[in-house]
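Trainee: Got a structure for you, questions after.
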Amino acid sequence: MFVASPYFIKVAVFGLFARADGEWQGFCLDVNMTGRRVSSRDVSPRRTVLWVLVAGLFLVVCAGAWIGIRGGLAVHHLNSAATAAREAQAAVLAADTGGAETAVSRLHDEVHAAEGLTDDPIWAAAESLPWAGRNLAALRDVTTILTDITDDAVTPVVHVAGRLDVKQFTPDGAGIDLQPLLEARPDVLSADASLKGGLSSAENIDRKGLIEPLADAVDQLVDVLGDASAQVDVVARAVDLAPGMLGADGPRDYLVLFQNNAELRATGGIPGAVALLRVEGGKISLVQQASSGDFPRADAPVLPLPVETRGLYGAITGQYIQDVNLTPQFPLSAQLAREMWKRQFGTEVDGVLSIDPVALSYLLTATGPVTLPTGDVLTSDNVVSTLLSTAYSRYSDPTQQDDFFAGAAATVFSSISSGNLDASALLAGLARAGEERRVYLWSADDTEQSRIAETTLAGELPTSTADQPKFGVYFNDGTASKMDYYLGTKISVGQAVCRQDGRPSWVVDVTLSNNAPADAATSLPEYVTGGGQLGTRAGDISTNVSIYAPSAGVFVTAAEDGAEVGLQTASDSGLSVIQYQKTLSPGQTSMMRVEFLGGDAIGDATASLPGIESTPTVHGTETQSLKINCESRLS
């Protein structure tokens, strides 16, 4: 750091001018500790040049010191800003409005101070220097990004958090109060846009040539903004969509599909029970209930099916309401169910919602136990086993089963809509169900659907990026029974670079287990085992598996329990798809290993390990990473 001596101050002003006869002369005003004035006649031309060089060097040193001091101060302010940001976050989570606003005020002061220190003519001029200039420009970019985000994202979000109380969104007899959402929408949408813009700017900072601490800081900034942007994006979509979809602009009708995971379909389970909800001004009413038995088989698909859907899942996808979700693309399933409801009951709904019993168990953590018309008490711990196992043992008549499911659905809905619940637990339960793909939503409004898209609620095929390839693994029951209550599923995925061109080898293991009791054929009701329908012995579980590769992924080979096998290959919406069927007796386990070749070179096998999206099963699917041996990838 440059420090000026208190014992020596020297100010020099140099000038050169040419006389008419062409002889160069100069003058020098030199003030030092002696106070002696030096005449220009005492300075020779050579000495003048020397002084010019000395003065120039002095100015460079001063400029360097100026930048060094201001840069150091800027970093100090940024460190203080990071502390303030953590304090603001903690205060928001603790619902400490005063503490959050105090922390945000300090955050504002610190980032603005840092930006001011990196925004002056000397700093801007120094950014043109080789090497050093790139680092200075990057530091200035960081301060600008943080200032913009503090002003346009953090501050308004904290103010919104201070105004809102989660209890405001608790349903009650009058419905959900939509006004707080309408008031919060402008600030939340502004914050969302600011974070997306800041993330884009941070990603565009060139890390090449940056000193290591600064390069690491930029990487951390990208990670933090990426996480924050993803979280705020979810909130922004919800705040943007909720008022309209909850009837702020007029009544809405929604078809609700209750997916039964005991008989798997790609998005969860067969829609065994359905209901019609009406929403107006935030008030939700249960209008009508029906079962899958109320929908006759259509002679032909009720809507035109994509050729790929027909080839993979058959025309029955559009003929039976129980089969509309054989495809993992929920928007298509929703439109088919909507058309079937319209044909059967004459109502054209505005959207379709889907939920499964596991999601209901999460919601019951908010409501507490509920008592059914039968006297049964449903809790978060027993609702899954009661609906997907006990009911089949108690009621052999499918009509009685449907009545039981309808009563359970109506009771849980009534408990939630009464408002007698823990609002925080309700939102947490919905969030968890959404993350596990146990809740889906489709809107007939194209604008609304575009906002739902690319969220877990949309139920679309996995979308891969260069940094994050994704596989989709989906299960469909082939037993025509409720044996999937006993199905265990595990998926492992690995990646290795085994080729000189750097293209990755992807390996996916799908392990299925039949965890039914050994005497399942006789101890379980025929309605559960299927009684030998479709050629499957009672007690066995037959599962159709579809594996969707990341975009540009190409199937290479497969092995079942270590022995190479041939599998059916197809495509769906531009993705490569592998299909096979596996039948297991009680106690049996089988593993299918499938290898794909990635499209783009990655160089580093430890980076961008593929993600997995899969069918939400009764007991959940275990997922884990897999180490691959390039010499024996199938073993």
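Labels used: A, B, ... for chains in the order of the structure tokens, numbers from 1 for residues in each chain, and numbers from 1 for ligands as shown.
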Per residue of stretch 414-523 of chain A within 6 Å of stretch 609-627 of chain A, which atom pair is closest and at what distance in Å (one decimal), using only C-alpha atoms, listed by chain and increasing number, as a tab-separated table?
Mentor:
```
residue	atom	partner	partner_atom	distance
A:Pro469	CA	A:Pro610	CA	4.8
A:Lys470	CA	A:Gly611	CA	4.5
A:Phe471	CA	A:Ile612	CA	4.9
A:Gly472	CA	A:Glu613	CA	4.8
A:Val473	CA	A:Ser614	CA	4.7
A:Tyr474	CA	A:Thr615	CA	5.0
A:Thr489	CA	A:Thr621	CA	5.1
A:Lys490	CA	A:Glu622	CA	4.6
A:Ile491	CA	A:Thr623	CA	4.8
A:Ser492	CA	A:Gln624	CA	4.8
A:Val493	CA	A:Ser625	CA	5.2
A:Gly494	CA	A:Leu626	CA	4.3
```
Trainee: Would you pick out the contacts of A:Leu264 at 10 Å or less, using only C-alpha atoms, so that residues sharing its chain but fewer than 2 positions from it are not included, and give the list as number ranges by chain?
Mentor: A: 259-262, 266-271, 325-326, 474-485, 487, 543-544, 615-618
Trainee: Kindly save the residues from that selection, with N, CA and C atoms included, as a PDB file, in the first residue's frame.
Mentor:
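part20.pdb written:
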```pdb
ATOM      1  N   GLN A 259     -54.251 -39.881  -8.213  1.00  0.00           N
ATOM      2  CA  GLN A 259     -53.474 -40.969  -8.791  1.00  0.00           C
ATOM      3  C   GLN A 259     -53.180 -42.043  -7.734  1.00  0.00           C
ATOM      4  N   ASN A 260     -53.456 -43.296  -8.088  1.00  0.00           N
ATOM      5  CA  ASN A 260     -53.289 -44.431  -7.192  1.00  0.00           C
ATOM      6  C   ASN A 260     -51.970 -45.129  -7.512  1.00  0.00           C
ATOM      7  N   ASN A 261     -50.941 -44.896  -6.699  1.00  0.00           N
ATOM      8  CA  ASN A 261     -49.609 -45.452  -6.965  1.00  0.00           C
ATOM      9  C   ASN A 261     -49.536 -46.962  -6.792  1.00  0.00           C
ATOM     10  N   ALA A 262     -50.590 -47.601  -6.251  1.00  0.00           N
ATOM     11  CA  ALA A 262     -50.574 -49.055  -6.122  1.00  0.00           C
ATOM     12  C   ALA A 262     -50.701 -49.724  -7.494  1.00  0.00           C
ATOM     13  N   ALA A 266     -46.991 -43.722 -15.559  1.00  0.00           N
ATOM     14  CA  ALA A 266     -45.737 -42.966 -15.681  1.00  0.00           C
ATOM     15  C   ALA A 266     -45.686 -41.747 -14.773  1.00  0.00           C
ATOM     16  N   THR A 267     -46.814 -41.060 -14.590  1.00  0.00           N
ATOM     17  CA  THR A 267     -46.815 -39.863 -13.744  1.00  0.00           C
ATOM     18  C   THR A 267     -47.164 -40.166 -12.294  1.00  0.00           C
ATOM     19  N   GLY A 268     -47.414 -41.433 -11.961  1.00  0.00           N
ATOM     20  CA  GLY A 268     -47.717 -41.789 -10.581  1.00  0.00           C
ATOM     21  C   GLY A 268     -48.564 -43.040 -10.473  1.00  0.00           C
ATOM     22  N   GLY A 269     -49.826 -42.949 -10.845  1.00  0.00           N
ATOM     23  CA  GLY A 269     -50.721 -44.098 -10.731  1.00  0.00           C
ATOM     24  C   GLY A 269     -52.008 -43.857 -11.487  1.00  0.00           C
ATOM     25  N   ILE A 270     -52.833 -44.876 -11.578  1.00  0.00           N
ATOM     26  CA  ILE A 270     -54.081 -44.727 -12.332  1.00  0.00           C
ATOM     27  C   ILE A 270     -54.967 -43.677 -11.659  1.00  0.00           C
ATOM     28  N   PRO A 271     -55.657 -42.877 -12.445  1.00  0.00           N
ATOM     29  CA  PRO A 271     -56.628 -41.933 -11.864  1.00  0.00           C
ATOM     30  C   PRO A 271     -57.892 -42.697 -11.449  1.00  0.00           C
ATOM     31  N   ASN A 325     -52.402 -41.380 -18.395  1.00  0.00           N
ATOM     32  CA  ASN A 325     -51.049 -41.046 -17.945  1.00  0.00           C
ATOM     33  C   ASN A 325     -50.089 -42.216 -18.094  1.00  0.00           C
ATOM     34  N   LEU A 326     -50.331 -43.088 -19.069  1.00  0.00           N
ATOM     35  CA  LEU A 326     -49.292 -44.030 -19.463  1.00  0.00           C
ATOM     36  C   LEU A 326     -48.077 -43.262 -19.982  1.00  0.00           C
ATOM     37  N   TYR A 474     -39.402 -44.131 -16.152  1.00  0.00           N
ATOM     38  CA  TYR A 474     -40.833 -44.163 -15.838  1.00  0.00           C
ATOM     39  C   TYR A 474     -41.344 -45.594 -15.804  1.00  0.00           C
ATOM     40  N   PHE A 475     -42.284 -45.832 -14.872  1.00  0.00           N
ATOM     41  CA  PHE A 475     -42.827 -47.168 -14.652  1.00  0.00           C
ATOM     42  C   PHE A 475     -44.326 -47.191 -14.945  1.00  0.00           C
ATOM     43  N   ASN A 476     -44.767 -48.222 -15.640  1.00  0.00           N
ATOM     44  CA  ASN A 476     -46.186 -48.470 -15.869  1.00  0.00           C
ATOM     45  C   ASN A 476     -46.501 -49.900 -15.458  1.00  0.00           C
ATOM     46  N   ASP A 477     -47.586 -50.077 -14.712  1.00  0.00           N
ATOM     47  CA  ASP A 477     -47.991 -51.408 -14.272  1.00  0.00           C
ATOM     48  C   ASP A 477     -48.414 -52.262 -15.464  1.00  0.00           C
ATOM     49  N   GLY A 478     -47.950 -53.502 -15.477  1.00  0.00           N
ATOM     50  CA  GLY A 478     -48.355 -54.435 -16.528  1.00  0.00           C
ATOM     51  C   GLY A 478     -49.128 -55.610 -15.982  1.00  0.00           C
ATOM     52  N   THR A 479     -49.572 -55.492 -14.721  1.00  0.00           N
ATOM     53  CA  THR A 479     -50.228 -56.613 -14.050  1.00  0.00           C
ATOM     54  C   THR A 479     -51.746 -56.459 -14.004  1.00  0.00           C
ATOM     55  N   ALA A 480     -52.234 -55.240 -14.243  1.00  0.00           N
ATOM     56  CA  ALA A 480     -53.667 -54.940 -14.077  1.00  0.00           C
ATOM     57  C   ALA A 480     -54.097 -55.273 -12.654  1.00  0.00           C
ATOM     58  N   SER A 481     -53.301 -54.780 -11.695  1.00  0.00           N
ATOM     59  CA  SER A 481     -53.582 -55.083 -10.299  1.00  0.00           C
ATOM     60  C   SER A 481     -53.095 -53.923  -9.435  1.00  0.00           C
ATOM     61  N   LYS A 482     -53.119 -54.151  -8.115  1.00  0.00           N
ATOM     62  CA  LYS A 482     -52.638 -53.141  -7.173  1.00  0.00           C
ATOM     63  C   LYS A 482     -51.390 -53.633  -6.459  1.00  0.00           C
ATOM     64  N   MET A 483     -50.580 -54.434  -7.166  1.00  0.00           N
ATOM     65  CA  MET A 483     -49.379 -55.025  -6.564  1.00  0.00           C
ATOM     66  C   MET A 483     -48.217 -54.042  -6.434  1.00  0.00           C
ATOM     67  N   ASP A 484     -48.306 -52.881  -7.084  1.00  0.00           N
ATOM     68  CA  ASP A 484     -47.180 -51.945  -7.017  1.00  0.00           C
ATOM     69  C   ASP A 484     -47.008 -51.326  -5.635  1.00  0.00           C
ATOM     70  N   TYR A 485     -47.934 -51.614  -4.733  1.00  0.00           N
ATOM     71  CA  TYR A 485     -47.724 -51.221  -3.338  1.00  0.00           C
ATOM     72  C   TYR A 485     -46.497 -51.931  -2.781  1.00  0.00           C
ATOM     73  N   LEU A 487     -43.838 -52.895  -4.743  1.00  0.00           N
ATOM     74  CA  LEU A 487     -42.717 -52.754  -5.661  1.00  0.00           C
ATOM     75  C   LEU A 487     -41.631 -51.853  -5.061  1.00  0.00           C
ATOM     76  N   THR A 543     -43.818 -55.037 -14.633  1.00  0.00           N
ATOM     77  CA  THR A 543     -43.592 -53.604 -14.770  1.00  0.00           C
ATOM     78  C   THR A 543     -43.021 -53.277 -16.135  1.00  0.00           C
ATOM     79  N   ASN A 544     -43.617 -52.291 -16.797  1.00  0.00           N
ATOM     80  CA  ASN A 544     -43.088 -51.769 -18.051  1.00  0.00           C
ATOM     81  C   ASN A 544     -42.227 -50.553 -17.739  1.00  0.00           C
ATOM     82  N   THR A 615     -40.867 -41.812 -12.026  1.00  0.00           N
ATOM     83  CA  THR A 615     -42.236 -41.979 -11.545  1.00  0.00           C
ATOM     84  C   THR A 615     -42.269 -41.959 -10.021  1.00  0.00           C
ATOM     85  N   PRO A 616     -43.138 -41.167  -9.407  1.00  0.00           N
ATOM     86  CA  PRO A 616     -43.261 -41.194  -7.942  1.00  0.00           C
ATOM     87  C   PRO A 616     -43.986 -42.469  -7.501  1.00  0.00           C
ATOM     88  N   THR A 617     -43.275 -43.353  -6.824  1.00  0.00           N
ATOM     89  CA  THR A 617     -43.847 -44.622  -6.388  1.00  0.00           C
ATOM     90  C   THR A 617     -44.359 -44.514  -4.955  1.00  0.00           C
ATOM     91  N   VAL A 618     -44.996 -45.592  -4.481  1.00  0.00           N
ATOM     92  CA  VAL A 618     -45.570 -45.570  -3.137  1.00  0.00           C
ATOM     93  C   VAL A 618     -44.501 -45.268  -2.086  1.00  0.00           C
TER      94      VAL A 618
END
```
Trainee: Got a sec: who's within 9 Å of stretch 423-437 of chain A, counting only C-alpha atoms, leaving out chain neighbours fewer than 4 positions off, as a ChimeraX atom specification?
Mentor: /A:166-171,267-268,355-356,358-367,416,419,455-457,459,613-616,620
Trainee: Can you write just those residues out, C-alpha atoms, as a tab-separated table (two decimals), in the first residue's frame?
Mentor:
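Everything below was put into selection02.tsv:
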```
chain	number	residue	atom	x	y	z
A	166	VAL	CA	-48.17	-17.17	5.81
A	167	LYS	CA	-51.42	-17.34	7.80
A	168	GLN	CA	-52.95	-15.00	5.23
A	169	PHE	CA	-52.96	-17.89	2.77
A	170	THR	CA	-54.81	-20.30	5.04
A	171	PRO	CA	-58.11	-21.35	3.46
A	267	THR	CA	-46.82	-39.86	-13.74
A	268	GLY	CA	-47.72	-41.79	-10.58
A	355	ILE	CA	-52.25	-35.51	-6.51
A	356	ASP	CA	-51.38	-38.89	-4.98
A	358	VAL	CA	-48.27	-39.77	-0.47
A	359	ALA	CA	-48.85	-36.08	-1.15
A	360	LEU	CA	-52.02	-36.32	0.97
A	361	SER	CA	-49.90	-37.66	3.83
A	362	TYR	CA	-47.77	-34.50	3.64
A	363	LEU	CA	-50.88	-32.32	3.78
A	364	LEU	CA	-52.20	-34.23	6.79
A	365	THR	CA	-49.16	-33.06	8.75
A	366	ALA	CA	-50.84	-29.64	8.53
A	367	THR	CA	-54.42	-30.66	9.30
A	416	ILE	CA	-58.02	-28.22	4.45
A	419	GLY	CA	-58.72	-23.32	7.63
A	455	THR	CA	-41.43	-26.42	-13.14
A	456	THR	CA	-41.94	-29.79	-11.48
A	457	LEU	CA	-45.69	-29.07	-11.49
A	459	GLY	CA	-44.93	-32.93	-15.46
A	613	GLU	CA	-36.51	-37.78	-12.95
A	614	SER	CA	-38.75	-40.76	-12.31
A	615	THR	CA	-42.24	-41.98	-11.55
A	616	PRO	CA	-43.26	-41.19	-7.94
A	620	GLY	CA	-40.19	-43.55	-3.20
```
Trainee: Taking 3 positions as the minimum chain separation for residues in the same chain, which residues sit within 12 Å of A:Val279 when counting only C-alpha atoms? Answer as a list in words.
Mentor: Pro171, Ala174, Gly175, Ile176, Ala242, Pro243, Gly244, Met245, Leu246, Gly247, Ala248, Asp249, Gly250, Pro251, Arg252, Asp253, Tyr254, Leu255, Leu276, Gly282, Lys283, Ile284, Ser285, Leu286, Val287, Val349, Asp350, Gly351 and Ser417 of chain A
Trainee: Residues within 7 Å of A:Leu461, please, as a VMD selection string. Count only C-alpha atoms; anything in the same chain fewer than 2 positions from it doesn't count.
Mentor: chain A and resid 328 to 329 459 463
Trainee: For the residues in that selection, give me C-alpha atoms as a PDB file, in the first residue's frame.
Mentor:
```
ATOM      1  CA  PRO A 328     -44.956 -39.292 -18.770  1.00  0.00           C
ATOM      2  CA  GLN A 329     -46.074 -36.035 -20.408  1.00  0.00           C
ATOM      3  CA  GLY A 459     -44.928 -32.929 -15.457  1.00  0.00           C
ATOM      4  CA  THR A 463     -34.956 -31.022 -20.047  1.00  0.00           C
TER       5      THR A 463
END
```
Trainee: Which residues come within 9 Å of stretch 68-84 of chain A, counting only C-alpha atoms, excluding same-chain residues fewer than 2 positions away, as a PyMOL selection string?
Mentor: chain A and resi 1-2+63-66+86-89+102-118+136+139+143+146
Trainee: Find the distance between atom CA of A:Leu441 and atom CA of A:Gly226 and write it in Å to one decimal.
Mentor: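 Answer for the atom CA of A:Leu441 to atom CA of A:Gly226 separation: 24.9 Å.
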Trainee: Which of these, A:Thr390, A:Trp506, A:Val412, A:Ala300, has the shortest distance to A:Leu524 once you count only C-alpha atoms?
Mentor: A:Thr390
Trainee: Which residue, A:Asp402, A:Glu595, A:Asp397, A:Asp223, has the smallest gap to A:Ser505 when you use only C-alpha atoms?
Mentor: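 Selected residue with least distance to A:Ser505: A:Glu595.
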